[in-house]
$ cat work-v1.cif   # mmCIF, C-alpha atoms
data_run
#
loop_
_atom_site.label_atom_id
_atom_site.label_comp_id
_atom_site.auth_asym_id
_atom_site.auth_seq_id
_atom_site.Cartn_x
_atom_site.Cartn_y
_atom_site.Cartn_z
CA MET S 1 21.61 -7.62 20.12
CA PHE S 2 21.03 -11.35 20.42
CA GLY S 3 19.92 -11.65 16.84
CA GLY S 4 23.45 -11.85 15.49
CA LEU S 5 24.51 -14.50 17.97
CA PHE S 6 21.50 -16.72 18.26
CA GLY S 7 19.39 -16.22 15.19
CA LYS S 8 19.43 -15.06 11.62
CA PRO S 9 20.34 -11.43 11.06
CA LYS S 10 17.32 -9.18 11.32
CA SER S 11 16.23 -7.17 8.30
CA LYS S 12 15.49 -4.16 10.49
CA ASP S 13 19.15 -3.91 11.53
CA LYS S 14 20.13 -3.91 7.87
CA VAL S 15 17.61 -1.20 6.94
CA LYS S 16 18.69 0.92 9.90
CA GLU S 17 22.31 0.74 8.84
CA ARG S 18 21.41 1.58 5.22
CA LEU S 19 19.24 4.50 6.31
CA LYS S 20 21.96 5.97 8.50
CA LEU S 21 24.44 5.83 5.64
CA VAL S 22 22.14 7.27 2.98
CA LEU S 23 20.95 10.03 5.33
CA SER S 24 24.51 11.07 6.12
CA TYR S 25 25.04 11.69 2.40
CA ASP S 26 21.62 13.32 2.01
CA ARG S 27 22.21 15.69 4.91
CA ALA S 28 25.68 16.65 3.71
CA LYS S 29 24.24 17.15 0.18
CA LEU S 30 26.98 14.94 -1.17
CA SER S 31 26.55 11.93 -3.42
CA PRO S 32 28.46 8.73 -2.65
CA GLY S 33 30.27 9.10 -6.01
CA LYS S 34 31.43 12.61 -5.10
CA MET S 35 32.66 11.23 -1.80
CA GLU S 36 34.85 8.76 -3.67
CA GLU S 37 36.28 11.64 -5.75
CA LEU S 38 36.96 13.61 -2.60
CA LYS S 39 38.71 10.65 -1.09
CA ASN S 40 40.93 10.20 -4.16
CA GLU S 41 41.86 13.87 -4.30
CA LEU S 42 42.65 13.88 -0.59
CA LEU S 43 44.83 10.83 -1.16
CA ASP S 44 46.84 12.68 -3.81
CA VAL S 45 47.41 15.63 -1.46
CA ILE S 46 48.34 13.45 1.47
CA ALA S 47 50.72 11.37 -0.61
CA LYS S 48 52.67 14.58 -1.28
CA TYR S 49 53.36 14.98 2.43
CA PHE S 50 53.59 11.32 3.37
CA PRO S 51 55.17 9.74 0.30
CA PRO S 52 54.99 5.94 0.38
CA GLU S 53 58.42 4.48 1.05
CA GLN S 54 60.08 1.91 -1.19
CA GLY S 55 58.27 -1.38 -1.14
CA GLU S 56 55.23 0.08 0.65
CA GLN S 57 51.74 -0.25 -0.73
CA GLY S 58 50.76 3.34 -0.09
CA LEU S 59 47.72 4.55 1.75
CA GLU S 60 45.30 1.69 1.34
CA ASP S 61 44.05 2.06 4.93
CA PHE S 62 42.81 5.57 4.20
CA ASP S 63 39.14 6.00 5.01
CA VAL S 64 36.89 9.05 4.63
CA LYS S 65 33.35 9.04 5.93
CA LEU S 66 30.55 11.22 7.20
CA GLU S 67 29.55 10.93 10.82
CA GLN S 68 26.70 12.46 12.74
CA HIS S 69 28.04 14.17 15.89
CA GLY S 70 25.04 15.39 17.83
CA ASP S 71 23.26 17.67 15.39
CA ARG S 72 26.35 18.27 13.27
CA MET S 73 27.50 16.27 10.29
CA VAL S 74 31.27 15.76 10.40
CA LEU S 75 33.66 14.64 7.68
CA VAL S 76 36.07 12.18 9.25
CA ALA S 77 39.31 11.16 7.56
CA ASP S 78 41.09 8.27 9.18
CA LEU S 79 44.70 7.91 8.08
CA PRO S 80 47.40 5.87 9.80
CA VAL S 81 50.67 7.67 8.89
CA GLN S 82 52.95 5.26 10.63
CA ARG S 83 52.69 1.53 10.96
CA MET T 1 1.79 21.92 21.07
CA ASN T 2 1.71 25.69 21.32
CA ALA T 3 1.40 26.27 17.58
CA LYS T 4 -2.14 27.01 16.48
CA ALA T 5 -1.48 26.40 12.80
CA ILE T 6 0.08 23.00 12.20
CA VAL T 7 1.09 21.45 8.89
CA ILE T 8 0.67 17.67 8.50
CA THR T 9 3.31 16.45 6.11
CA SER T 10 5.54 13.51 5.15
CA GLY T 11 7.38 14.05 1.88
CA LYS T 12 6.36 10.63 0.62
CA GLY T 13 2.81 10.03 -0.55
CA GLY T 14 0.47 7.40 0.81
CA VAL T 15 1.80 7.28 4.37
CA GLY T 16 -1.41 8.58 5.97
CA LYS T 17 -1.29 12.38 6.05
CA THR T 18 -4.93 12.85 5.15
CA THR T 19 -6.19 10.12 7.49
CA THR T 20 -4.08 11.62 10.25
CA THR T 21 -5.41 15.13 9.57
CA ALA T 22 -9.02 13.92 9.65
CA ASN T 23 -8.61 11.87 12.81
CA VAL T 24 -6.45 14.26 14.82
CA GLY T 25 -8.74 17.11 13.77
CA ALA T 26 -11.85 15.19 14.86
CA SER T 27 -10.20 14.23 18.15
CA LEU T 28 -9.14 17.79 18.92
CA ALA T 29 -12.70 18.95 18.19
CA GLN T 30 -14.07 16.30 20.55
CA LEU T 31 -11.74 17.66 23.21
CA GLY T 32 -13.44 21.03 22.78
CA GLU T 33 -11.16 22.91 20.40
CA LYS T 34 -12.71 24.80 17.48
CA VAL T 35 -10.82 23.12 14.65
CA LEU T 36 -10.44 23.83 10.94
CA VAL T 37 -8.76 21.26 8.70
CA ILE T 38 -7.53 22.67 5.39
CA ASP T 39 -6.75 20.53 2.34
CA THR T 40 -3.93 22.10 0.31
CA ASP T 41 -3.59 19.24 -2.19
CA VAL T 42 -5.03 21.32 -5.03
CA GLY T 43 -5.99 19.11 -7.98
CA LEU T 44 -5.92 15.93 -5.89
CA ARG T 45 -8.22 16.75 -3.02
CA ASN T 46 -9.18 13.93 -0.68
CA LEU T 47 -9.66 15.23 2.82
CA ASP T 48 -13.33 15.86 1.94
CA VAL T 49 -14.00 12.19 1.06
CA VAL T 50 -11.96 10.81 3.95
CA MET T 51 -14.10 12.91 6.28
CA GLY T 52 -17.32 12.04 4.46
CA LEU T 53 -18.04 15.68 3.64
CA GLU T 54 -17.61 15.49 -0.15
CA GLY T 55 -21.30 16.15 -0.78
CA ARG T 56 -21.17 19.49 0.97
CA VAL T 57 -18.31 21.22 -0.80
CA VAL T 58 -19.48 24.34 -2.60
CA TYR T 59 -16.51 26.69 -2.40
CA ASP T 60 -12.88 25.79 -1.89
CA LEU T 61 -9.54 27.23 -0.83
CA ILE T 62 -8.75 28.66 -4.27
CA ASP T 63 -12.18 30.35 -4.40
CA VAL T 64 -11.20 32.06 -1.17
CA PHE T 65 -7.76 32.98 -2.52
CA GLU T 66 -9.26 34.46 -5.67
CA GLY T 67 -12.14 36.27 -3.99
CA ARG T 68 -15.02 34.25 -5.49
CA CYS T 69 -16.48 33.76 -2.03
CA ARG T 70 -16.02 34.89 1.50
CA LEU T 71 -13.94 32.75 3.86
CA LYS T 72 -17.05 31.95 5.95
CA GLN T 73 -18.85 30.54 2.89
CA ALA T 74 -16.05 28.07 2.14
CA ILE T 75 -15.80 26.68 5.67
CA ILE T 76 -17.91 23.52 6.00
CA ARG T 77 -19.17 22.65 9.46
CA ASP T 78 -19.16 18.93 10.27
CA LYS T 79 -22.62 18.16 11.62
CA ARG T 80 -21.49 15.02 13.47
CA VAL T 81 -18.85 16.70 15.60
CA GLU T 82 -19.33 20.05 17.13
CA ASN T 83 -16.35 22.36 16.49
CA LEU T 84 -15.01 20.40 13.49
CA HIS T 85 -14.75 22.26 10.15
CA LEU T 86 -13.29 21.64 6.70
CA LEU T 87 -11.89 23.93 4.03
CA ALA T 88 -11.54 21.81 0.89
CA ALA T 89 -8.93 22.09 -1.83
CA SER T 90 -9.94 22.84 -5.40
CA GLN T 91 -10.18 19.72 -7.55
CA THR T 92 -10.18 21.47 -10.93
CA ARG T 93 -7.12 23.68 -10.54
CA ASP T 94 -3.46 22.90 -10.04
CA LYS T 95 -0.75 23.90 -7.59
CA SER T 96 0.04 27.08 -9.52
CA ALA T 97 -3.14 28.58 -8.05
CA LEU T 98 -1.59 28.44 -4.59
CA SER T 99 0.03 31.45 -2.98
CA GLU T 100 2.05 31.54 0.23
CA GLU T 101 0.92 35.07 0.95
CA ARG T 102 -2.78 34.24 0.53
CA MET T 103 -2.32 31.09 2.59
CA ARG T 104 -0.79 33.03 5.48
CA GLU T 105 -3.52 35.66 5.26
CA THR T 106 -6.28 33.03 5.18
CA VAL T 107 -4.91 31.21 8.22
CA ARG T 108 -4.52 34.52 10.06
CA LEU T 109 -8.18 35.34 9.39
CA VAL T 110 -9.31 31.87 10.46
CA LEU T 111 -7.55 32.26 13.80
CA GLU T 112 -8.16 35.95 14.47
CA GLU T 113 -11.50 36.79 12.84
CA GLU T 114 -13.26 33.43 12.86
CA GLU T 115 -11.79 32.61 16.26
CA PHE T 116 -10.66 29.07 15.60
CA ASP T 117 -8.41 27.46 18.22
CA ARG T 118 -6.51 25.26 15.80
CA VAL T 119 -5.86 24.94 12.07
CA LEU T 120 -4.53 21.66 10.69
CA ILE T 121 -3.07 22.05 7.21
CA ASP T 122 -2.99 18.81 5.20
CA SER T 123 0.01 19.10 2.89
CA PRO T 124 0.33 17.38 -0.48
CA ALA T 125 3.14 14.85 -0.96
CA GLY T 126 6.40 16.14 -2.34
CA ILE T 127 8.61 19.09 -1.50
CA GLU T 128 7.41 21.50 -4.17
CA SER T 129 5.06 24.47 -4.10
CA GLY T 130 2.13 22.58 -2.57
CA PHE T 131 4.14 21.55 0.45
CA GLN T 132 5.85 24.94 0.65
CA THR T 133 2.49 26.75 0.63
CA ALA T 134 1.08 24.45 3.30
CA ALA T 135 4.16 24.98 5.48
CA SER T 136 4.27 28.73 4.93
CA ALA T 137 1.35 29.40 7.26
CA ALA T 138 2.33 26.88 9.93
CA GLY T 139 3.96 27.41 13.30
CA GLY T 140 4.28 23.71 13.98
CA GLY T 141 4.53 20.47 12.06
CA LEU T 142 3.31 16.92 12.43
CA VAL T 143 5.52 14.65 10.34
CA VAL T 144 3.88 11.33 9.44
CA VAL T 145 6.26 8.45 8.80
CA ASN T 146 5.83 4.75 8.08
CA PRO T 147 8.46 2.34 9.42
CA GLU T 148 10.10 1.72 6.07
CA VAL T 149 13.17 2.98 4.29
CA SER T 150 11.73 5.39 1.71
CA SER T 151 9.31 7.00 4.13
CA VAL T 152 12.01 7.57 6.78
CA ARG T 153 14.36 9.06 4.21
CA ASP T 154 11.68 11.42 2.92
CA ALA T 155 10.69 12.37 6.47
CA ASP T 156 14.30 13.38 7.15
CA ARG T 157 14.23 15.65 4.11
CA ILE T 158 10.91 17.19 5.11
CA ILE T 159 12.14 17.82 8.67
CA GLY T 160 15.14 19.67 7.20
CA LEU T 161 12.81 21.81 5.07
CA LEU T 162 10.52 22.60 8.02
CA GLU T 163 13.54 23.60 10.09
CA ALA T 164 14.75 25.81 7.24
CA ARG T 165 11.39 27.58 7.54
CA GLU T 166 12.06 28.18 11.24
CA ILE T 167 9.27 25.80 12.20
CA ARG T 168 10.59 24.61 15.55
CA GLU T 169 7.69 22.66 16.99
CA ILE T 170 8.03 19.47 14.98
CA ARG T 171 6.54 16.21 16.21
CA LEU T 172 6.67 12.75 14.70
CA ILE T 173 3.77 10.36 14.14
CA ILE T 174 4.84 6.81 13.37
CA ASN T 175 1.95 5.41 11.35
CA ARG T 176 1.17 1.86 10.23
CA LEU T 177 3.44 0.14 12.68
CA ARG T 178 3.04 -3.65 12.64
CA PRO T 179 3.86 -4.99 16.11
CA ASP T 180 4.14 -8.58 14.81
CA MET T 181 6.82 -7.56 12.30
CA VAL T 182 8.64 -5.46 14.90
CA LYS T 183 8.72 -8.50 17.20
CA ARG T 184 10.26 -10.60 14.43
CA GLY T 185 12.91 -7.96 13.79
CA ASP T 186 11.56 -7.29 10.31
CA MET T 187 10.37 -3.74 10.89
CA LEU T 188 12.13 -0.67 12.21
CA GLU T 189 11.07 -0.08 15.77
CA VAL T 190 10.06 3.20 17.32
CA ASP T 191 13.44 3.86 18.97
CA ASP T 192 15.30 3.19 15.72
CA ILE T 193 13.23 5.79 13.87
CA LEU T 194 13.58 8.35 16.66
CA GLU T 195 17.35 7.81 16.75
CA ILE T 196 17.63 8.26 12.98
CA LEU T 197 15.35 11.30 12.65
CA GLY T 198 16.14 13.03 15.94
CA VAL T 199 12.69 14.60 16.50
CA LYS T 200 10.19 14.22 19.31
CA LEU T 201 7.53 11.53 19.11
CA ILE T 202 3.87 12.42 19.57
CA GLY T 203 2.19 9.16 18.63
CA ILE T 204 2.47 5.61 17.35
CA VAL T 205 -0.44 4.39 15.22
CA PRO T 206 -0.60 0.65 14.61
CA GLU T 207 -1.58 -0.74 11.21
CA ASP T 208 -5.32 -1.25 11.43
CA GLU T 209 -7.83 -2.67 8.94
CA LYS T 210 -10.56 -0.68 10.64
CA ILE T 211 -9.08 2.49 9.15
CA ILE T 212 -9.96 1.22 5.67
CA VAL T 213 -13.49 0.38 6.78
CA SER T 214 -14.05 3.73 8.46
CA THR T 215 -12.64 5.54 5.42
CA ASN T 216 -15.02 3.52 3.19
CA LEU T 217 -17.83 4.89 5.31
CA GLY T 218 -16.46 8.42 5.49
CA ASN T 219 -16.25 8.36 9.27
CA PRO T 220 -13.03 9.33 10.98
CA ILE T 221 -12.17 6.24 13.04
CA SER T 222 -11.63 8.28 16.15
CA LEU T 223 -15.37 9.16 16.13
CA GLY T 224 -17.26 6.02 15.26
CA GLU T 225 -18.32 2.87 17.06
CA SER T 226 -14.90 1.37 16.55
CA SER T 227 -13.47 4.09 18.72
CA ARG T 228 -11.92 1.51 21.02
CA SER T 229 -9.72 0.26 18.22
CA GLY T 230 -5.97 0.59 18.36
CA SER T 231 -5.64 3.27 15.72
CA GLY T 232 -8.64 5.32 16.91
CA GLN T 233 -7.23 5.35 20.42
CA ALA T 234 -3.79 6.27 19.06
CA PHE T 235 -5.20 9.29 17.20
CA ARG T 236 -7.15 10.44 20.25
CA ASN T 237 -3.99 10.17 22.35
CA ILE T 238 -2.10 12.29 19.81
CA ALA T 239 -4.74 15.02 20.20
CA ARG T 240 -4.44 14.86 24.00
CA ARG T 241 -0.65 15.07 23.84
CA MET T 242 -0.97 18.09 21.53
CA LYS T 243 -3.00 19.69 24.27
CA GLY T 244 -0.23 19.03 26.74
CA GLU T 245 -1.42 15.87 28.44
CA ASP T 246 1.33 13.46 29.41
CA ILE T 247 0.15 10.10 28.10
CA PRO T 248 2.68 7.27 27.92
CA HIS T 249 3.21 5.71 24.48
CA ALA T 250 1.98 2.17 23.91
CA SER T 251 4.88 -0.22 23.83
CA PHE T 252 5.51 -2.05 20.58
CA GLU T 253 8.97 -3.18 21.53
CA GLY T 254 11.01 -5.42 19.33
CA SER T 255 13.12 -8.45 20.01
CA SER T 256 16.38 -6.60 20.64
CA GLY T 257 15.69 -5.94 24.34
CA LEU T 258 17.57 -7.90 26.98
CA LEU T 259 14.47 -9.59 28.33
CA SER T 260 13.20 -10.88 25.04
CA GLY T 261 16.75 -11.95 24.19
CA ILE T 262 16.88 -14.05 27.33
CA ARG T 263 13.40 -15.35 26.62
CA ARG T 264 14.54 -16.42 23.21
CA LEU T 265 17.54 -18.22 24.76
CA PHE T 266 15.07 -20.39 26.63
CA GLY T 267 13.11 -21.13 23.53
CA GLY T 268 10.32 -18.59 23.98
CA ARG T 269 9.43 -15.66 21.77
#
$ encode --input "work-v1.cif" --output "structure tokens"
Amino acid sequence: MFGGLFGKPKSKDKVKERLKLVLSYDRAKLSPGKMEELKNELLDVIAKYFPPEQGEQGLEDFDVKLEQHGDRMVLVADLPVQR
Amino acid sequence: MNAKAIVITSGKGGVGKTTTTANVGASLAQLGEKVLVIDTDVGLRNLDVVMGLEGRVVYDLIDVFEGRCRLKQAIIRDKRVENLHLLAASQTRDKSALSEERMRETVRLVLEEEEFDRVLIDSPAGIESGFQTAASAAGGGLVVVNPEVSSVRDADRIIGLLEAREIREIRLIINRLRPDMVKRGDMLEVDDILEILGVKLIGIVPEDEKIIVSTNLGNPISLGESSRSGSGQAFRNIARRMKGEDIPHASFEGSSGLLSGIRRLFGGR
């Protein structure tokens, strides 16, 4: 916890973060590339119901990720529909 | 651990399955259990040399499977430790000679007819038929992991496969931990690995040169003169915990704790 503030970043924090991410894909049996496809297809569907208004960029804040909730793996889609 | 037949596995190769099997087996025998260690790495057998029993192998697991000898004839008694026995893998065959059904039957006979208290099954690396055969006869699992990325990932996969086999009693052995690197923040610490894998810990074995020496000599480290060493003690404690003793884990804490953080603020380590 002090590493980030008072010293150089620790390699073990990096490997822990990488492991958590790769294991979430492993456990869900989903490759990161497939996840990107899923995200893009979801975007198309959502855009049908929340069409971007004139001058708006669209849904660039859209984020889909896998999260471990207890012993369940959960697909979380985070989408702000109104700014 | 309640399970009498326990598979020692890891997914990844070279993390210390065979050394763990030899040392935990020897320690359990010293605690009075009648122990059989079985090598299921057909074609790449090594438990015999790690235990220093390579000169005494006559029959092996596949000979038993295929009826070329009786089970009793293939079980080698370790003369140094009362109660410790080895059933070697075949070195000249390959994994296709394995059979889950024969494995289960053999382990059943070892426990029921030969009256062993515990069977430790040393699994080959990988997730294919060798591992599956080793796991098929087990009621519990010891998963050996090193504190590094590929080993932790493979351990997660193996834990999933053990759970899919309804093996519920799964315990983790963190092997080859380097306390100096943990202190520097350059190695995953015990709590990180437990958080990631979500299984119960049964032992932490520090990296130890003496393991190489004792393996050179064919003496499980938990038996020999160096029995006071860190790793020998760690293996003996694993055996005691398997028997239900409540022994606290040695602390190899890292630098992320509050105290060490404060210490670092004042220029210490």
$ closest_residue --input "work-v1.cif" --among "T:Ser150, T:Asn219, T:Asn83, T:Asn237" --to "chain S" --atoms "all atoms listed in the file"
T:Ser150
$ residues_around --input "work-v1.cif" --residues "region 42-58 of chain T" --least-positions-apart "3" --cutoff "7 Å" --atoms "all atoms listed in the file" --output "list in words"
Thr18, Thr19, Ala22, Asp39, Ala74, Ala88, Ala89, Ser90, Gln91, Thr92, Arg93, Asp94, Lys95, Thr215, Gly218, Asn219 and Pro220 of chain T
$ residues_around --input "work-v1.cif" --residues "Met73 (chain S)" --least-positions-apart "3" --cutoff "9 Å" --atoms "only C-alpha atoms" --output "list in words"
Ser24, Arg27, Ala28, Leu66, Glu67, Gln68, His69 and Gly70 of chain S
$ resolve_selection --input "work-v1.cif" --expression "the PyMOL selection byres ((chain T and resi 162) around 12)" --output "VMD selection string"
chain T and resid 6 to 11 127 131 to 143 155 to 161 163 to 171 199
$ write_last_selection --input "work-v1.cif" --atoms "C-alpha atoms" --output "PDB file, in the frame of the given file"
ATOM      1  CA  ILE T   6       0.080  23.000  12.200  1.00  0.00           C
ATOM      2  CA  VAL T   7       1.090  21.450   8.890  1.00  0.00           C
ATOM      3  CA  ILE T   8       0.670  17.670   8.500  1.00  0.00           C
ATOM      4  CA  THR T   9       3.310  16.450   6.110  1.00  0.00           C
ATOM      5  CA  SER T  10       5.540  13.510   5.150  1.00  0.00           C
ATOM      6  CA  GLY T  11       7.380  14.050   1.880  1.00  0.00           C
ATOM      7  CA  ILE T 127       8.610  19.090  -1.500  1.00  0.00           C
ATOM      8  CA  PHE T 131       4.140  21.550   0.450  1.00  0.00           C
ATOM      9  CA  GLN T 132       5.850  24.940   0.650  1.00  0.00           C
ATOM     10  CA  THR T 133       2.490  26.750   0.630  1.00  0.00           C
ATOM     11  CA  ALA T 134       1.080  24.450   3.300  1.00  0.00           C
ATOM     12  CA  ALA T 135       4.160  24.980   5.480  1.00  0.00           C
ATOM     13  CA  SER T 136       4.270  28.730   4.930  1.00  0.00           C
ATOM     14  CA  ALA T 137       1.350  29.400   7.260  1.00  0.00           C
ATOM     15  CA  ALA T 138       2.330  26.880   9.930  1.00  0.00           C
ATOM     16  CA  GLY T 139       3.960  27.410  13.300  1.00  0.00           C
ATOM     17  CA  GLY T 140       4.280  23.710  13.980  1.00  0.00           C
ATOM     18  CA  GLY T 141       4.530  20.470  12.060  1.00  0.00           C
ATOM     19  CA  LEU T 142       3.310  16.920  12.430  1.00  0.00           C
ATOM     20  CA  VAL T 143       5.520  14.650  10.340  1.00  0.00           C
ATOM     21  CA  ALA T 155      10.690  12.370   6.470  1.00  0.00           C
ATOM     22  CA  ASP T 156      14.300  13.380   7.150  1.00  0.00           C
ATOM     23  CA  ARG T 157      14.230  15.650   4.110  1.00  0.00           C
ATOM     24  CA  ILE T 158      10.910  17.190   5.110  1.00  0.00           C
ATOM     25  CA  ILE T 159      12.140  17.820   8.670  1.00  0.00           C
ATOM     26  CA  GLY T 160      15.140  19.670   7.200  1.00  0.00           C
ATOM     27  CA  LEU T 161      12.810  21.810   5.070  1.00  0.00           C
ATOM     28  CA  GLU T 163      13.540  23.600  10.090  1.00  0.00           C
ATOM     29  CA  ALA T 164      14.750  25.810   7.240  1.00  0.00           C
ATOM     30  CA  ARG T 165      11.390  27.580   7.540  1.00  0.00           C
ATOM     31  CA  GLU T 166      12.060  28.180  11.240  1.00  0.00           C
ATOM     32  CA  ILE T 167       9.270  25.800  12.200  1.00  0.00           C
ATOM     33  CA  ARG T 168      10.590  24.610  15.550  1.00  0.00           C
ATOM     34  CA  GLU T 169       7.690  22.660  16.990  1.00  0.00           C
ATOM     35  CA  ILE T 170       8.030  19.470  14.980  1.00  0.00           C
ATOM     36  CA  ARG T 171       6.540  16.210  16.210  1.00  0.00           C
ATOM     37  CA  VAL T 199      12.690  14.600  16.500  1.00  0.00           C
TER      38      VAL T 199
END
$ residues_near_point --input "work-v1.cif" --point "(49.6, 12.3, -0.8)" --cutoff "12 Å" --atoms "only C-alpha atoms" --output "short mmCIF file (atom, residue, chain, number, x, y, z; two decimals) with C-alpha atoms, keeping the file's coordinate frame"
data_model
loop_
_atom_site.label_atom_id
_atom_site.label_comp_id
_atom_site.auth_asym_id
_atom_site.auth_seq_id
_atom_site.Cartn_x
_atom_site.Cartn_y
_atom_site.Cartn_z
CA LYS S 39 38.71 10.65 -1.09
CA ASN S 40 40.93 10.20 -4.16
CA GLU S 41 41.86 13.87 -4.30
CA LEU S 42 42.65 13.88 -0.59
CA LEU S 43 44.83 10.83 -1.16
CA ASP S 44 46.84 12.68 -3.81
CA VAL S 45 47.41 15.63 -1.46
CA ILE S 46 48.34 13.45 1.47
CA ALA S 47 50.72 11.37 -0.61
CA LYS S 48 52.67 14.58 -1.28
CA TYR S 49 53.36 14.98 2.43
CA PHE S 50 53.59 11.32 3.37
CA PRO S 51 55.17 9.74 0.30
CA PRO S 52 54.99 5.94 0.38
CA GLU S 53 58.42 4.48 1.05
CA GLY S 58 50.76 3.34 -0.09
CA LEU S 59 47.72 4.55 1.75
CA GLU S 60 45.30 1.69 1.34
CA PHE S 62 42.81 5.57 4.20
CA LEU S 79 44.70 7.91 8.08
CA VAL S 81 50.67 7.67 8.89
#
$ closest_residue --input "work-v1.cif" --among "S:Val64, S:Arg72, S:Ser11, S:Glu17" --to "chain T" --atoms "all atoms listed in the file"
S:Ser11
$ resolve_selection --input "work-v1.cif" --expression "the PyMOL selection byres ((chain T and resi 63-67) around 10)" --output "MDAnalysis selection string"
chainID T and resid 58:62 68:75 87 89:90 97:99 101:103 105:106
$ build_atoms --input "work-v1.cif" --residues "region 38-51 of chain S" --atoms "N, CA and C atoms" --output "PDB file, in the coordinates of the input"
ATOM      1  N   LEU S  38      36.328  12.855  -3.680  1.00  0.00           N
ATOM      2  CA  LEU S  38      36.960  13.610  -2.600  1.00  0.00           C
ATOM      3  C   LEU S  38      38.058  12.791  -1.952  1.00  0.00           C
ATOM      4  N   LYS S  39      37.741  11.536  -1.733  1.00  0.00           N
ATOM      5  CA  LYS S  39      38.710  10.650  -1.090  1.00  0.00           C
ATOM      6  C   LYS S  39      39.968  10.517  -1.953  1.00  0.00           C
ATOM      7  N   ASN S  40      39.785  10.352  -3.267  1.00  0.00           N
ATOM      8  CA  ASN S  40      40.930  10.200  -4.160  1.00  0.00           C
ATOM      9  C   ASN S  40      41.776  11.457  -4.234  1.00  0.00           C
ATOM     10  N   GLU S  41      41.100  12.624  -4.255  1.00  0.00           N
ATOM     11  CA  GLU S  41      41.860  13.870  -4.300  1.00  0.00           C
ATOM     12  C   GLU S  41      42.621  14.090  -2.994  1.00  0.00           C
ATOM     13  N   LEU S  42      41.969  13.774  -1.888  1.00  0.00           N
ATOM     14  CA  LEU S  42      42.650  13.880  -0.590  1.00  0.00           C
ATOM     15  C   LEU S  42      43.878  12.984  -0.569  1.00  0.00           C
ATOM     16  N   LEU S  43      43.721  11.792  -1.122  1.00  0.00           N
ATOM     17  CA  LEU S  43      44.830  10.830  -1.160  1.00  0.00           C
ATOM     18  C   LEU S  43      46.039  11.414  -1.887  1.00  0.00           C
ATOM     19  N   ASP S  44      45.752  12.086  -3.039  1.00  0.00           N
ATOM     20  CA  ASP S  44      46.840  12.680  -3.810  1.00  0.00           C
ATOM     21  C   ASP S  44      47.586  13.727  -2.983  1.00  0.00           C
ATOM     22  N   VAL S  45      46.801  14.573  -2.281  1.00  0.00           N
ATOM     23  CA  VAL S  45      47.410  15.630  -1.460  1.00  0.00           C
ATOM     24  C   VAL S  45      48.244  15.016  -0.345  1.00  0.00           C
ATOM     25  N   ILE S  46      47.656  14.039   0.317  1.00  0.00           N
ATOM     26  CA  ILE S  46      48.340  13.450   1.470  1.00  0.00           C
ATOM     27  C   ILE S  46      49.610  12.718   1.045  1.00  0.00           C
ATOM     28  N   ALA S  47      49.550  12.106  -0.127  1.00  0.00           N
ATOM     29  CA  ALA S  47      50.720  11.370  -0.610  1.00  0.00           C
ATOM     30  C   ALA S  47      51.908  12.301  -0.836  1.00  0.00           C
ATOM     31  N   LYS S  48      51.603  13.597  -1.105  1.00  0.00           N
ATOM     32  CA  LYS S  48      52.670  14.580  -1.280  1.00  0.00           C
ATOM     33  C   LYS S  48      53.462  14.778   0.023  1.00  0.00           C
ATOM     34  N   TYR S  49      52.725  14.711   1.123  1.00  0.00           N
ATOM     35  CA  TYR S  49      53.360  14.980   2.430  1.00  0.00           C
ATOM     36  C   TYR S  49      53.823  13.708   3.129  1.00  0.00           C
ATOM     37  N   PHE S  50      53.176  12.614   2.813  1.00  0.00           N
ATOM     38  CA  PHE S  50      53.590  11.320   3.370  1.00  0.00           C
ATOM     39  C   PHE S  50      53.838  10.362   2.202  1.00  0.00           C
ATOM     40  N   PRO S  51      54.952  10.602   1.473  1.00  0.00           N
ATOM     41  CA  PRO S  51      55.170   9.740   0.300  1.00  0.00           C
ATOM     42  C   PRO S  51      55.381   8.292   0.736  1.00  0.00           C
TER      43      PRO S  51
END
